[in-house]
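For reference, the structure discussed in these notes is given below.
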Amino acid sequence: MKSKVRFDGLDVAAMVATWNRVALGRRVINIYDGPNGDTYLFKLDKQSGEESNLLLIIESGMRFHSTQQSFENPGMPSQFCSKMRKHLRGLRLENVQQLGEMDRVVNLVFGSGEKQRHSLIVEFYARGNIILTNSEYQILSLLRSHEYDNVKVKVGHAYPVTYATTMTAVTEDNEASEETAPPQESFLNASDPMEWYQRYIQQNPEQPTIEGKGKKKKGEGNVWRNLMLKQESGVSHYGPSLLDHCLLCAEIGSKHPRDLDKSEWSMLQQVLKDEGDNILKHLDAVDAKGYIFYQPKDRSKQNGDSTKEANTPPSPFDDKLLLEFQPHVLKQHETVPRIEYESFDKAVDAFFSHIEGQKRMMGAERQQAQAQQRLEKIRLDQKKRMENLEKQIEVLKEEAQLVELHADMIEKAIQVVNSALDSGMDWDQLEDLVQIEKVQNQNPVAMLIHKLDLEQDAMVLRLEREAVVFGEADENNGNHTMDVTISLKETAHGNASALFAKYRASKEKSQKTIEASTKALQAAEESAQRQLLEAQKRTTNLTHTLHVKRKPLWFEKFNWFITSDNYLVLGGRDAQQNEQIVKRYLRPGDAYLHADVHGAASCVLRAKRLRRQDGGTTTLPLSDQALQEAGNFTICRSSAWSSRMVTSAWWVESHQVSKTAPTGEYLTVGSFMIRGKKNFLPPTQLEMGLGVLFRLGDDEAIARHKNERRDFALMQLEEEASTEAETPTAKPMPKAKPNNMHVAEEKKMEANDENGEVGALDQSQACEGTANGNDAVEDRDDINDTSKAPLENSQPIEKDTKSSSANKKKGLSVKERKLIRKYGSLEAARAAEEERLREEEARKREAAASPTPQITSEAQPTAQKRGKKAKMKRMAKKYADQDEEERELAMLALHASEKTKTKGQKKSPEINEIEKEAAAQTVAILKKDASVVAERFPEEIRDVLAKCVTVVNDEGTIVRWDKFDADVLEQLESFELDEEKSAAANRLLALKESTRIDNFSASLAGIIRTIKKYGHQGLNKDDIATDDDGKRKTKAEKEAEEKNWKQTMAEEGIVEDDSEIDAVDDTVELS
């Protein structure tokens, strides 16, 4: 049985109901590419009480559901994914609706209001499609472009909902035609179902399968299905699964529609009404379940040892072949084994998370079976060849023995035939003579001759086999004679000798063949066995992948280890990770380690933090042992490991690492500027260890290993701190090792300390972190960095000058040799440095005293290239007498103005009349009028809502219903109790009176979600504080909200910047 891998209309309806309960109101954090080109992942923020974010997966044409799976790093986002990020990131999911009458099209609405509102329309039929539109349903981007009848589905055009779904727009012409024409009767509302069927057959005589005249594909069941799936039946939106359920409930069996009587037709109509309504209503229930139907596997056909999964916890799907998923147990599924889930969403996630692995495992099992079949085929072929060879040897031996036994008669036959040929007798006459002597005269010599083969100088004799010589087995089988080919050129004994020679040669050949076949069979068996083992290994690996994967920790993407005293050390695997480690994970109090060796990576030793009573954290000093082990790690990860060179690493504090280059210089990709003193570590041996990560299978094992990696030093500090806090005369907490850190920077980094991640820097700023690039800048002294280095940095040079001039024979440092090569002597270098510092100070004083503002680096004129100045002078002299009008005429003559006019202009798409009509129908269907929806509310609730959006201007009082989205009002209308509607409206009015509301639709949607989650009893007008006197939120409040959202985005590795290049944030784990 084929597995179900695609949503039908019933599944779409059930999933839409589920998403409306669990996903509405969540903000889009980010969007990622999925495992294939048609799959995309939407990460929504978590709500209060939840541990993780909500991850939604949408596969075009196939499925959509939330998922708990872990996906691989998707890398650079696709163009369509980047477009969705641009328009949807940061918006809330406001509505999820199924378009049409149970059609496989879903409309996801993000954001509220005319400017923010966007729709993501997902099609699940055929190849499917994903279309991103604005509030007017103009297509901004889509997965694939195509065309209906003269209606294009592409960027710039409106989405043709009437072509993609069964929805139709109600226009004035349609209303007039509906008033004049009687309504079309369907099977579901027909007064006489049997008459309806007969009338349908008369109107549609071209339906051979319904009347039974044509060829049926899969039995009589298709006749009913084809009939009910017609648009005229009124139940076509049920889908095949629900229709099969209703037909089984009606107990029609294998009857043809023409064989049913009137009562049976009436019963079928009633069953379609009752069962269809019950199941469709059940999909919207809060306690709706989900089911996976499966077929038990035949364990006898599974090969492989029983210990292959000894170290892997068993999966509930190991012995099951998944068939399909359903939101309801239908009649045809009552006898099928099933697994029940608490929601349809979880059932679909479990099904698709295992169905791919199941397909791969079935393919591996097929390969395993094919390898076994090839091995058996080789064995049978070798066996058959050996049997044929032995049979040929026995035949040759028997022929030779028969020739010896009948040697006299064979000799006479040879002489008779040779004498006839020697006399010149014709071959035909000789054959006739043999027949006459055989039939008429019963000549015993002629009776031995079975056939003459004179062209080959041979004849075939039929010799009798004697039981005394050859045994009684052949006699029992009826083989009393044997045909033996005799050469006319040899005597009887000569023929016997030739046959015995063939027998001996065949025997020797058989022996060699047996030896060669044994070797070939062994080689074939070894090859087949290897293939069999590989297939079994793939099956075992796929079985392991079906189990839940362990969520990797955030630092596992780097080279990392934990020191003996529980410090975490990070090292980059490549150039991009080196940059990422420094930019994102180097916090105040951490140590940056590097080495002056080619290939040395940037390493970070993460400091420990102690939580204070006020909620902040205190950075603890780094231990010498941790620094020594981290330095050893840095050296071993460089070229010193391969060259067996013992050298030293160095470390600096976090504030000494900078990406700012000195004046006139630039830092290459992967280089960092180190300011201040480097702390060199003592040389260590090149030693590295290997850590094995074990998987704990149960809670008992986790409990046994719970406190093995506890930081006892940190525990002791916490105990001392608590003891000192309890003592009145306790001394203050020992401060951490001073590291000249900025307080503001530490406060900024504390918020991300618990997650082990720092800040939000653009991951696209990945760069190369090789030692060569670092040394090129780091060895340059701060003497060249006048813009950043303080004035005191010149003092060490003076001290070095005195010490080096007093004792030059002890050797010069690399820095001193560079200064001598550049300036001639250290005294000249010092004088040049002092002169440059004085000039710099003078420029700063002049700039401060000048009334004109200083030009920023962006506004400063760029220096002209060499030779440009003279060229500009010649051009100015040549065109000195030319005014602007003459210049424009000259440029027009050169056709240069046309190019400048057309540059940057985007060509608008050509839209025909049919497309304009389709666009108008889409807007009429999907963009409903909020005032029309408001008229359906009770008068009291409508008046409250009207007060919220009433505007007073020069023309009078106007009710701005357009400030509400129609679908938000429909959500309010869906409340069963008027008290809930009234509470939501009054709450919105109270908010309007207490503060200034920018987006009424978004506010009302938030109130509706609150009522659905917590009820309406607590929403009283008196609970609203009115301290703001109807004012907007202050700038500080808005900045606080924006900061919280940026913090959430930063935790996910997303950076909001103003650069043109989109942040490449997919290196952060999705979960």
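Letters for chains follow the order of the structure tokens (A, B, ...), residue numbers begin at 1 for each chain, and ligand numbers begin at 1 in the order shown.
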
When DSSP works through the backbone of this structure, what residues of region 412-614 of chain A end up as strand (DSSP E or B), shown as a VMD selection string? chain A and resid 449 to 453 458 to 464 481 to 487 559 to 562 568 to 571 591 to 595 603 to 605 609 to 611

Neighbour list for Gly494 (chain A) as a ChimeraX atom specification, cut-off 12 Å, only C-alpha atoms, skip fewer than 3 positions in-chain: /A:400,403-404,407,410-411,414,486-491,497-501

Shell around Arg85 (chain A) at 10 Å using only C-alpha atoms, local window under 6 positions removed, as a ChimeraX atom specification: /A:28-32,42,77,79,1062

Now that the selection is made, can you save its residues with N, CA, C and O atoms as a PDB file, in the first residue's frame?
ATOM      1  N   VAL A  28       7.034  36.858  13.874  1.00  0.00           N
ATOM      2  CA  VAL A  28       8.002  36.135  13.043  1.00  0.00           C
ATOM      3  C   VAL A  28       9.404  36.605  13.410  1.00  0.00           C
ATOM      4  O   VAL A  28       9.748  37.787  13.258  1.00  0.00           O
ATOM      5  N   ILE A  29      10.224  35.688  13.909  1.00  0.00           N
ATOM      6  CA  ILE A  29      11.614  36.008  14.249  1.00  0.00           C
ATOM      7  C   ILE A  29      12.506  35.902  13.022  1.00  0.00           C
ATOM      8  O   ILE A  29      13.282  36.793  12.715  1.00  0.00           O
ATOM      9  N   ASN A  30      12.351  34.812  12.285  1.00  0.00           N
ATOM     10  CA  ASN A  30      13.179  34.640  11.096  1.00  0.00           C
ATOM     11  C   ASN A  30      12.566  33.564  10.211  1.00  0.00           C
ATOM     12  O   ASN A  30      11.701  32.794  10.636  1.00  0.00           O
ATOM     13  N   ILE A  31      13.045  33.517   8.978  1.00  0.00           N
ATOM     14  CA  ILE A  31      12.581  32.555   7.976  1.00  0.00           C
ATOM     15  C   ILE A  31      13.814  31.899   7.369  1.00  0.00           C
ATOM     16  O   ILE A  31      14.797  32.579   7.058  1.00  0.00           O
ATOM     17  N   TYR A  32      13.764  30.590   7.193  1.00  0.00           N
ATOM     18  CA  TYR A  32      14.907  29.828   6.702  1.00  0.00           C
ATOM     19  C   TYR A  32      14.487  28.949   5.531  1.00  0.00           C
ATOM     20  O   TYR A  32      13.319  28.578   5.394  1.00  0.00           O
ATOM     21  N   PHE A  42       9.556  28.759   9.317  1.00  0.00           N
ATOM     22  CA  PHE A  42       9.203  30.029   9.944  1.00  0.00           C
ATOM     23  C   PHE A  42       9.379  29.865  11.449  1.00  0.00           C
ATOM     24  O   PHE A  42       8.732  29.016  12.070  1.00  0.00           O
ATOM     25  N   PRO A  77      20.639  32.233   2.481  1.00  0.00           N
ATOM     26  CA  PRO A  77      19.218  32.142   2.127  1.00  0.00           C
ATOM     27  C   PRO A  77      18.992  32.358   0.642  1.00  0.00           C
ATOM     28  O   PRO A  77      19.732  33.083  -0.026  1.00  0.00           O
ATOM     29  N   GLN A  79      16.761  33.599  -2.756  1.00  0.00           N
ATOM     30  CA  GLN A  79      16.213  34.914  -3.079  1.00  0.00           C
ATOM     31  C   GLN A  79      14.785  35.049  -2.554  1.00  0.00           C
ATOM     32  O   GLN A  79      14.417  36.091  -2.000  1.00  0.00           O
ATOM     33  N   ASP A1062      21.956  41.907   3.270  1.00  0.00           N
ATOM     34  CA  ASP A1062      21.167  41.276   4.331  1.00  0.00           C
ATOM     35  C   ASP A1062      22.072  40.447   5.219  1.00  0.00           C
ATOM     36  O   ASP A1062      23.021  39.815   4.771  1.00  0.00           O
TER      37      ASP A1062
END

Counting only C-alpha atoms, the option among A:Gln47, A:Ser191, A:Ser353, A:Gln580 closest to Lys262 (chain A):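 Result for the nearest residue to Lys262 (chain A): A:Ser191.
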
Set the distance at 12 Å and use only C-alpha atoms: which residues neighbour Pro327 (chain A) once local chain neighbours fewer than 2 positions away are removed? I'd like the list as a PDB file with N, CA, C and O atoms, in the first residue's frame.
ATOM      1  N   PHE A   7      -1.261  16.643   1.620  1.00  0.00           N
ATOM      2  CA  PHE A   7      -2.482  17.074   2.304  1.00  0.00           C
ATOM      3  C   PHE A   7      -3.666  17.051   1.338  1.00  0.00           C
ATOM      4  O   PHE A   7      -3.529  17.420   0.167  1.00  0.00           O
ATOM      5  N   ASP A   8      -4.818  16.628   1.840  1.00  0.00           N
ATOM      6  CA  ASP A   8      -6.066  16.814   1.109  1.00  0.00           C
ATOM      7  C   ASP A   8      -6.857  17.935   1.774  1.00  0.00           C
ATOM      8  O   ASP A   8      -6.407  18.562   2.737  1.00  0.00           O
ATOM      9  N   GLY A   9      -8.064  18.202   1.264  1.00  0.00           N
ATOM     10  CA  GLY A   9      -8.855  19.306   1.796  1.00  0.00           C
ATOM     11  C   GLY A   9      -9.204  19.136   3.258  1.00  0.00           C
ATOM     12  O   GLY A   9      -9.240  20.115   4.023  1.00  0.00           O
ATOM     13  N   LEU A  10      -9.439  17.900   3.685  1.00  0.00           N
ATOM     14  CA  LEU A  10      -9.767  17.637   5.083  1.00  0.00           C
ATOM     15  C   LEU A  10      -8.563  17.921   5.993  1.00  0.00           C
ATOM     16  O   LEU A  10      -8.705  18.502   7.070  1.00  0.00           O
ATOM     17  N   ASP A  11      -7.374  17.532   5.547  1.00  0.00           N
ATOM     18  CA  ASP A  11      -6.166  17.800   6.333  1.00  0.00           C
ATOM     19  C   ASP A  11      -5.890  19.296   6.432  1.00  0.00           C
ATOM     20  O   ASP A  11      -5.480  19.799   7.489  1.00  0.00           O
ATOM     21  N   VAL A  12      -6.103  20.009   5.333  1.00  0.00           N
ATOM     22  CA  VAL A  12      -5.872  21.460   5.347  1.00  0.00           C
ATOM     23  C   VAL A  12      -6.811  22.132   6.334  1.00  0.00           C
ATOM     24  O   VAL A  12      -6.406  23.008   7.108  1.00  0.00           O
ATOM     25  N   ALA A  13      -8.082  21.716   6.339  1.00  0.00           N
ATOM     26  CA  ALA A  13      -9.043  22.309   7.272  1.00  0.00           C
ATOM     27  C   ALA A  13      -8.655  22.040   8.723  1.00  0.00           C
ATOM     28  O   ALA A  13      -8.738  22.925   9.586  1.00  0.00           O
ATOM     29  N   ALA A  14      -8.217  20.818   9.008  1.00  0.00           N
ATOM     30  CA  ALA A  14      -7.816  20.481  10.377  1.00  0.00           C
ATOM     31  C   ALA A  14      -6.584  21.261  10.803  1.00  0.00           C
ATOM     32  O   ALA A  14      -6.497  21.742  11.946  1.00  0.00           O
ATOM     33  N   MET A  15      -5.597  21.425   9.906  1.00  0.00           N
ATOM     34  CA  MET A  15      -4.384  22.145  10.270  1.00  0.00           C
ATOM     35  C   MET A  15      -4.640  23.637  10.416  1.00  0.00           C
ATOM     36  O   MET A  15      -4.030  24.303  11.266  1.00  0.00           O
ATOM     37  N   VAL A  16      -5.536  24.195   9.603  1.00  0.00           N
ATOM     38  CA  VAL A  16      -5.894  25.610   9.743  1.00  0.00           C
ATOM     39  C   VAL A  16      -6.525  25.852  11.109  1.00  0.00           C
ATOM     40  O   VAL A  16      -6.215  26.839  11.797  1.00  0.00           O
ATOM     41  N   ALA A  17      -7.411  24.938  11.540  1.00  0.00           N
ATOM     42  CA  ALA A  17      -8.019  25.078  12.856  1.00  0.00           C
ATOM     43  C   ALA A  17      -6.966  24.986  13.970  1.00  0.00           C
ATOM     44  O   ALA A  17      -7.024  25.705  14.972  1.00  0.00           O
ATOM     45  N   THR A  18      -5.979  24.106  13.790  1.00  0.00           N
ATOM     46  CA  THR A  18      -4.920  23.962  14.795  1.00  0.00           C
ATOM     47  C   THR A  18      -4.049  25.209  14.865  1.00  0.00           C
ATOM     48  O   THR A  18      -3.732  25.707  15.949  1.00  0.00           O
ATOM     49  N   SER A 241     -11.464  10.830   0.896  1.00  0.00           N
ATOM     50  CA  SER A 241     -11.473  10.066   2.150  1.00  0.00           C
ATOM     51  C   SER A 241     -12.818  10.174   2.855  1.00  0.00           C
ATOM     52  O   SER A 241     -13.397   9.161   3.287  1.00  0.00           O
ATOM     53  N   LEU A 242     -13.337  11.372   2.997  1.00  0.00           N
ATOM     54  CA  LEU A 242     -14.618  11.559   3.676  1.00  0.00           C
ATOM     55  C   LEU A 242     -15.767  10.969   2.878  1.00  0.00           C
ATOM     56  O   LEU A 242     -16.730  10.436   3.457  1.00  0.00           O
ATOM     57  N   ILE A 279     -18.088  15.431  11.162  1.00  0.00           N
ATOM     58  CA  ILE A 279     -16.627  15.370  11.054  1.00  0.00           C
ATOM     59  C   ILE A 279     -16.042  16.760  10.837  1.00  0.00           C
ATOM     60  O   ILE A 279     -15.015  17.125  11.432  1.00  0.00           O
ATOM     61  N   LEU A 280     -16.685  17.588  10.018  1.00  0.00           N
ATOM     62  CA  LEU A 280     -16.162  18.929   9.779  1.00  0.00           C
ATOM     63  C   LEU A 280     -16.241  19.786  11.037  1.00  0.00           C
ATOM     64  O   LEU A 280     -15.351  20.617  11.289  1.00  0.00           O
ATOM     65  N   LYS A 281     -17.287  19.610  11.838  1.00  0.00           N
ATOM     66  CA  LYS A 281     -17.374  20.341  13.107  1.00  0.00           C
ATOM     67  C   LYS A 281     -16.340  19.839  14.106  1.00  0.00           C
ATOM     68  O   LYS A 281     -15.810  20.610  14.909  1.00  0.00           O
ATOM     69  N   HIS A 282     -16.046  18.542  14.054  1.00  0.00           N
ATOM     70  CA  HIS A 282     -15.074  17.979  14.989  1.00  0.00           C
ATOM     71  C   HIS A 282     -13.669  18.533  14.748  1.00  0.00           C
ATOM     72  O   HIS A 282     -12.845  18.581  15.671  1.00  0.00           O
ATOM     73  N   LEU A 283     -13.374  18.950  13.515  1.00  0.00           N
ATOM     74  CA  LEU A 283     -12.040  19.472  13.212  1.00  0.00           C
ATOM     75  C   LEU A 283     -11.743  20.745  13.987  1.00  0.00           C
ATOM     76  O   LEU A 283     -10.581  21.030  14.299  1.00  0.00           O
ATOM     77  N   ASP A 284     -12.762  21.544  14.294  1.00  0.00           N
ATOM     78  CA  ASP A 284     -12.567  22.805  15.012  1.00  0.00           C
ATOM     79  C   ASP A 284     -12.551  22.635  16.523  1.00  0.00           C
ATOM     80  O   ASP A 284     -12.357  23.614  17.250  1.00  0.00           O
ATOM     81  N   ALA A 285     -12.766  21.415  17.010  1.00  0.00           N
ATOM     82  CA  ALA A 285     -12.807  21.204  18.456  1.00  0.00           C
ATOM     83  C   ALA A 285     -11.425  21.371  19.066  1.00  0.00           C
ATOM     84  O   ALA A 285     -10.397  21.069  18.443  1.00  0.00           O
ATOM     85  N   ASP A 287     -10.219  19.719  21.598  1.00  0.00           N
ATOM     86  CA  ASP A 287      -9.648  18.421  21.957  1.00  0.00           C
ATOM     87  C   ASP A 287      -9.536  17.487  20.765  1.00  0.00           C
ATOM     88  O   ASP A 287      -9.521  16.258  20.931  1.00  0.00           O
ATOM     89  N   ALA A 288      -9.475  18.016  19.558  1.00  0.00           N
ATOM     90  CA  ALA A 288      -9.358  17.185  18.363  1.00  0.00           C
ATOM     91  C   ALA A 288      -8.029  16.429  18.371  1.00  0.00           C
ATOM     92  O   ALA A 288      -6.973  17.003  18.660  1.00  0.00           O
ATOM     93  N   LYS A 289      -8.077  15.154  18.062  1.00  0.00           N
ATOM     94  CA  LYS A 289      -6.896  14.291  18.070  1.00  0.00           C
ATOM     95  C   LYS A 289      -6.316  14.158  16.670  1.00  0.00           C
ATOM     96  O   LYS A 289      -6.896  14.602  15.674  1.00  0.00           O
ATOM     97  N   GLY A 290      -5.153  13.543  16.611  1.00  0.00           N
ATOM     98  CA  GLY A 290      -4.521  13.194  15.346  1.00  0.00           C
ATOM     99  C   GLY A 290      -4.126  11.730  15.359  1.00  0.00           C
ATOM    100  O   GLY A 290      -3.857  11.153  16.428  1.00  0.00           O
ATOM    101  N   TYR A 291      -4.084  11.108  14.185  1.00  0.00           N
ATOM    102  CA  TYR A 291      -3.851   9.671  14.102  1.00  0.00           C
ATOM    103  C   TYR A 291      -2.878   9.364  12.970  1.00  0.00           C
ATOM    104  O   TYR A 291      -2.890  10.010  11.913  1.00  0.00           O
ATOM    105  N   ILE A 292      -2.038   8.367  13.239  1.00  0.00           N
ATOM    106  CA  ILE A 292      -1.144   7.806  12.222  1.00  0.00           C
ATOM    107  C   ILE A 292      -1.518   6.342  12.058  1.00  0.00           C
ATOM    108  O   ILE A 292      -1.526   5.580  13.030  1.00  0.00           O
ATOM    109  N   PHE A 293      -1.826   5.942  10.849  1.00  0.00           N
ATOM    110  CA  PHE A 293      -2.184   4.562  10.544  1.00  0.00           C
ATOM    111  C   PHE A 293      -0.970   3.874   9.931  1.00  0.00           C
ATOM    112  O   PHE A 293      -0.255   4.458   9.105  1.00  0.00           O
ATOM    113  N   GLU A 324      -0.603   6.451   6.460  1.00  0.00           N
ATOM    114  CA  GLU A 324      -1.180   7.772   6.266  1.00  0.00           C
ATOM    115  C   GLU A 324      -1.497   8.404   7.606  1.00  0.00           C
ATOM    116  O   GLU A 324      -1.445   7.754   8.661  1.00  0.00           O
ATOM    117  N   PHE A 325      -1.837   9.690   7.559  1.00  0.00           N
ATOM    118  CA  PHE A 325      -2.223  10.470   8.734  1.00  0.00           C
ATOM    119  C   PHE A 325      -3.632  11.007   8.497  1.00  0.00           C
ATOM    120  O   PHE A 325      -4.006  11.323   7.360  1.00  0.00           O
ATOM    121  N   VAL A 329     -10.796   9.315  12.782  1.00  0.00           N
ATOM    122  CA  VAL A 329     -10.831   7.891  12.454  1.00  0.00           C
ATOM    123  C   VAL A 329     -12.058   7.643  11.582  1.00  0.00           C
ATOM    124  O   VAL A 329     -13.202   7.642  12.071  1.00  0.00           O
ATOM    125  N   LEU A 330     -11.846   7.452  10.301  1.00  0.00           N
ATOM    126  CA  LEU A 330     -12.933   7.220   9.357  1.00  0.00           C
ATOM    127  C   LEU A 330     -13.322   5.748   9.346  1.00  0.00           C
ATOM    128  O   LEU A 330     -12.637   4.897   9.912  1.00  0.00           O
ATOM    129  N   HIS A 333     -10.902   3.120   8.204  1.00  0.00           N
ATOM    130  CA  HIS A 333      -9.681   2.987   8.997  1.00  0.00           C
ATOM    131  C   HIS A 333      -9.920   2.338  10.359  1.00  0.00           C
ATOM    132  O   HIS A 333      -8.991   2.265  11.158  1.00  0.00           O
ATOM    133  N   ARG A 338      -3.305   1.905  14.515  1.00  0.00           N
ATOM    134  CA  ARG A 338      -3.082   3.347  14.516  1.00  0.00           C
ATOM    135  C   ARG A 338      -2.393   3.777  15.811  1.00  0.00           C
ATOM    136  O   ARG A 338      -2.423   3.069  16.812  1.00  0.00           O
ATOM    137  N   ILE A 339      -1.787   4.960  15.742  1.00  0.00           N
ATOM    138  CA  ILE A 339      -1.183   5.623  16.908  1.00  0.00           C
ATOM    139  C   ILE A 339      -1.918   6.934  17.102  1.00  0.00           C
ATOM    140  O   ILE A 339      -2.077   7.721  16.162  1.00  0.00           O
ATOM    141  N   GLU A 340      -2.351   7.195  18.309  1.00  0.00           N
ATOM    142  CA  GLU A 340      -3.124   8.399  18.603  1.00  0.00           C
ATOM    143  C   GLU A 340      -2.221   9.464  19.204  1.00  0.00           C
ATOM    144  O   GLU A 340      -1.360   9.186  20.042  1.00  0.00           O
ATOM    145  N   TYR A 341      -2.417  10.719  18.755  1.00  0.00           N
ATOM    146  CA  TYR A 341      -1.688  11.877  19.262  1.00  0.00           C
ATOM    147  C   TYR A 341      -2.682  12.889  19.806  1.00  0.00           C
ATOM    148  O   TYR A 341      -3.853  12.906  19.420  1.00  0.00           O
ATOM    149  N   GLU A 342      -2.175  13.764  20.663  1.00  0.00           N
ATOM    150  CA  GLU A 342      -3.065  14.728  21.296  1.00  0.00           C
ATOM    151  C   GLU A 342      -3.528  15.826  20.346  1.00  0.00           C
ATOM    152  O   GLU A 342      -4.482  16.529  20.640  1.00  0.00           O
ATOM    153  N   SER A 343      -2.873  15.977  19.210  1.00  0.00           N
ATOM    154  CA  SER A 343      -3.308  16.946  18.201  1.00  0.00           C
ATOM    155  C   SER A 343      -2.904  16.441  16.826  1.00  0.00           C
ATOM    156  O   SER A 343      -1.962  15.647  16.680  1.00  0.00           O
ATOM    157  N   PHE A 344      -3.630  16.923  15.819  1.00  0.00           N
ATOM    158  CA  PHE A 344      -3.322  16.551  14.444  1.00  0.00           C
ATOM    159  C   PHE A 344      -1.968  17.109  14.024  1.00  0.00           C
ATOM    160  O   PHE A 344      -1.244  16.492  13.233  1.00  0.00           O
ATOM    161  N   ASP A 345      -1.599  18.257  14.571  1.00  0.00           N
ATOM    162  CA  ASP A 345      -0.315  18.875  14.245  1.00  0.00           C
ATOM    163  C   ASP A 345       0.844  17.973  14.641  1.00  0.00           C
ATOM    164  O   ASP A 345       1.786  17.761  13.863  1.00  0.00           O
ATOM    165  N   LYS A 346       0.796  17.418  15.844  1.00  0.00           N
ATOM    166  CA  LYS A 346       1.872  16.535  16.300  1.00  0.00           C
ATOM    167  C   LYS A 346       1.886  15.224  15.532  1.00  0.00           C
ATOM    168  O   LYS A 346       2.956  14.648  15.294  1.00  0.00           O
ATOM    169  N   ALA A 347       0.726  14.743  15.139  1.00  0.00           N
ATOM    170  CA  ALA A 347       0.672  13.506  14.356  1.00  0.00           C
ATOM    171  C   ALA A 347       1.338  13.695  13.002  1.00  0.00           C
ATOM    172  O   ALA A 347       2.113  12.837  12.547  1.00  0.00           O
ATOM    173  N   VAL A 348       1.066  14.819  12.338  1.00  0.00           N
ATOM    174  CA  VAL A 348       1.675  15.076  11.030  1.00  0.00           C
ATOM    175  C   VAL A 348       3.181  15.257  11.163  1.00  0.00           C
ATOM    176  O   VAL A 348       3.954  14.762  10.334  1.00  0.00           O
TER     177      VAL A 348
END
